[in-house]
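Peer 1: Attaching a single structure in structure tokens format; questions to follow.
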Amino acid sequence: VHHVTDKDSLDKVVDTVLNDLLLGGPRAQEHVKSFLRKLGDGDRTREKWAEWTAAEIAHARASREGQQGLEAFLNKTPPPWVPEVTNDK
């Protein structure tokens, strides 16, 4: 459980969570889900997990999406996958 709220605040909490998810890179989020599923595999030692995790992070950072995210961060601009903010509400 990440959030507990009353029904009057539910829409606001859902909007906040969805907006946070939209900030993450689509491939990165897909990768994290896969990574978490693999954590259930008990076939690796602590050292093997550390080695595997480091390789996965290096691969993610070197990916196109990783490079775009890093560039956006350094330039203080939104990455290309973040939708434009509108004030239609």
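Following the order of the structure tokens, chains are lettered A, B, ..., residues in each are numbered from 1, and ligands are numbered from 1.
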Compile a residue-level contact table for region 51-70 of chain A against region 42-47 of chain A at a cut-off of 12 Å, reporting for every qualifying residue the shortest atom pair and its distance in Å to one decimal, with only C-alpha atoms counted, rows ordered by chain and ascending number, as CSV.

Peer 2:
```
residue,atom,partner,partner_atom,distance
A:Glu51,CA,A:Glu47,CA,6.2
A:Trp52,CA,A:Glu47,CA,8.5
A:Thr53,CA,A:Glu47,CA,9.8
A:Ala54,CA,A:Glu47,CA,10.6
```

Peer 1: Residues as selected, N, CA and C atoms, written as a compact mmCIF listing (two decimals), in the first residue's frame, can you do that?

Peer 2:
```txt
# COMPACT_ATOMS: atom_id res chain seq x y z
N GLU A 51 26.32 -7.82 -9.64
CA GLU A 51 26.92 -7.77 -10.98
C GLU A 51 25.84 -7.58 -12.05
N TRP A 52 24.80 -8.37 -11.94
CA TRP A 52 23.69 -8.29 -12.91
C TRP A 52 23.01 -6.93 -12.86
N THR A 53 22.77 -6.43 -11.64
CA THR A 53 22.11 -5.13 -11.48
C THR A 53 22.96 -4.01 -12.08
N ALA A 54 24.25 -4.03 -11.83
CA ALA A 54 25.14 -3.01 -12.38
C ALA A 54 25.11 -3.04 -13.91
```

Peer 1: Show which residues sit within 9 Å of Pro80 (chain A), as a ChimeraX atom specification. Count only C-alpha atoms, and ignore same-chain residues fewer than 4 positions away.

Peer 2: /A:25,65,68-69,72

Peer 1: Please produce an output containing all heavy atoms for each residue in the selection, written as an mmCIF file, in the first residue's frame.

Peer 2:
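Once everything was written out, this is out-v2.cif:
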```cif
data_model
loop_
_atom_site.group_PDB
_atom_site.id
_atom_site.type_symbol
_atom_site.label_atom_id
_atom_site.label_comp_id
_atom_site.auth_asym_id
_atom_site.auth_seq_id
_atom_site.Cartn_x
_atom_site.Cartn_y
_atom_site.Cartn_z
ATOM 1 N N GLY A 25 10.426 7.302 -17.964
ATOM 2 C CA GLY A 25 10.581 6.807 -19.324
ATOM 3 C C GLY A 25 9.804 5.511 -19.511
ATOM 4 O O GLY A 25 9.855 4.627 -18.659
ATOM 5 N N GLU A 65 16.677 6.070 -24.619
ATOM 6 C CA GLU A 65 15.819 6.712 -23.628
ATOM 7 C C GLU A 65 16.642 7.216 -22.443
ATOM 8 O O GLU A 65 16.406 8.323 -21.944
ATOM 9 C CB GLU A 65 14.754 5.731 -23.148
ATOM 10 C CG GLU A 65 13.744 6.360 -22.215
ATOM 11 C CD GLU A 65 12.671 5.376 -21.839
ATOM 12 O OE1 GLU A 65 12.859 4.646 -20.838
ATOM 13 O OE2 GLU A 65 11.653 5.312 -22.543
ATOM 14 N N GLN A 68 18.379 10.354 -23.525
ATOM 15 C CA GLN A 68 17.425 11.464 -23.615
ATOM 16 C C GLN A 68 17.071 11.984 -22.220
ATOM 17 O O GLN A 68 16.964 13.189 -22.007
ATOM 18 C CB GLN A 68 16.150 11.023 -24.338
ATOM 19 C CG GLN A 68 16.335 10.782 -25.809
ATOM 20 C CD GLN A 68 15.099 10.202 -26.448
ATOM 21 O OE1 GLN A 68 14.381 9.391 -25.850
ATOM 22 N NE2 GLN A 68 14.830 10.612 -27.688
ATOM 23 N N GLY A 69 16.880 11.064 -21.284
ATOM 24 C CA GLY A 69 16.553 11.464 -19.916
ATOM 25 C C GLY A 69 17.685 12.224 -19.258
ATOM 26 O O GLY A 69 17.466 13.241 -18.598
ATOM 27 N N ALA A 72 17.915 15.691 -20.816
ATOM 28 C CA ALA A 72 16.837 16.547 -20.308
ATOM 29 C C ALA A 72 17.148 17.012 -18.884
ATOM 30 O O ALA A 72 16.949 18.183 -18.549
ATOM 31 C CB ALA A 72 15.508 15.800 -20.352
#
```

Peer 1: CA of His59 (chain A) and CA of Thr77 (chain A) are how many Å apart?

Peer 2: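 Separation between CA of His59 (chain A) and CA of Thr77 (chain A): 22.9 Å.
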
Peer 1: DSSP says helix (DSSP H, G or I) for which residues of region 10-87 of chain A? Put them as a count of residues only?

Peer 2: 56

Peer 1: Tell me which protein, DNA and RNA residues are within 12 Å of region 3-6 of chain A, counting only C-alpha atoms, leaving out same-chain ones fewer than 5 positions away, and put them as a VMD selection string.

Peer 2: chain A and resid 11 to 14 16 to 17

Peer 1: Would you output that residue set with all heavy atoms, as a CSV table (one decimal), in the first residue's frame?

Peer 2:
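Result went into again-v7.csv, see below:
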```
chain,number,residue,atom,x,y,z
A,11,ASP,N,-9.6,11.2,-6.2
A,11,ASP,CA,-9.2,11.7,-7.5
A,11,ASP,C,-7.9,12.4,-7.5
A,11,ASP,O,-7.1,12.3,-8.4
A,11,ASP,CB,-10.3,12.6,-8.1
A,11,ASP,CG,-11.6,11.8,-8.5
A,11,ASP,OD1,-11.5,10.6,-8.7
A,11,ASP,OD2,-12.6,12.5,-8.6
A,12,LYS,N,-7.7,13.2,-6.5
A,12,LYS,CA,-6.4,14.0,-6.4
A,12,LYS,C,-5.2,13.1,-6.3
A,12,LYS,O,-4.2,13.2,-6.9
A,12,LYS,CB,-6.5,15.0,-5.3
A,12,LYS,CG,-5.2,15.9,-5.2
A,12,LYS,CD,-5.3,16.9,-4.1
A,12,LYS,CE,-4.0,17.7,-4.1
A,12,LYS,NZ,-3.9,18.5,-2.9
A,13,VAL,N,-5.4,12.0,-5.4
A,13,VAL,CA,-4.3,11.1,-5.2
A,13,VAL,C,-4.0,10.3,-6.5
A,13,VAL,O,-2.8,10.1,-6.9
A,13,VAL,CB,-4.6,10.2,-4.0
A,13,VAL,CG1,-3.6,9.0,-3.9
A,13,VAL,CG2,-4.6,11.0,-2.7
A,14,VAL,N,-5.1,9.9,-7.2
A,14,VAL,CA,-4.9,9.1,-8.4
A,14,VAL,C,-4.2,10.0,-9.5
A,14,VAL,O,-3.3,9.6,-10.1
A,14,VAL,CB,-6.2,8.6,-8.9
A,14,VAL,CG1,-6.1,8.1,-10.4
A,14,VAL,CG2,-6.8,7.5,-8.0
A,16,THR,N,-2.2,12.5,-8.9
A,16,THR,CA,-0.8,12.6,-8.5
A,16,THR,C,0.1,11.4,-8.9
A,16,THR,O,1.2,11.5,-9.5
A,16,THR,CB,-0.7,12.9,-7.0
A,16,THR,OG1,-1.4,14.1,-6.7
A,16,THR,CG2,0.8,13.0,-6.6
A,17,VAL,N,-0.5,10.2,-8.6
A,17,VAL,CA,0.3,9.0,-9.0
A,17,VAL,C,0.4,8.9,-10.5
A,17,VAL,O,1.5,8.5,-11.0
A,17,VAL,CB,-0.4,7.7,-8.4
A,17,VAL,CG1,0.2,6.5,-8.9
A,17,VAL,CG2,-0.4,7.8,-6.9
```

Peer 1: Within 10 Å of Gly24 (chain A), counting only C-alpha atoms, which residues qualify if same-chain residues fewer than 6 places away don't, as a VMD selection string?

Peer 2: chain A and resid 69 79 81 to 82

Peer 1: Do a neighbour search on region 27-37 of chain A at 8 Å with only C-alpha atoms, toss out local chain neighbours closer than 4 positions, and write the hits as a list in words.

Peer 2: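 With the cut-off at 8 Å, the set is Asp41, Ala60, Glu65 and Gly66 of chain A.
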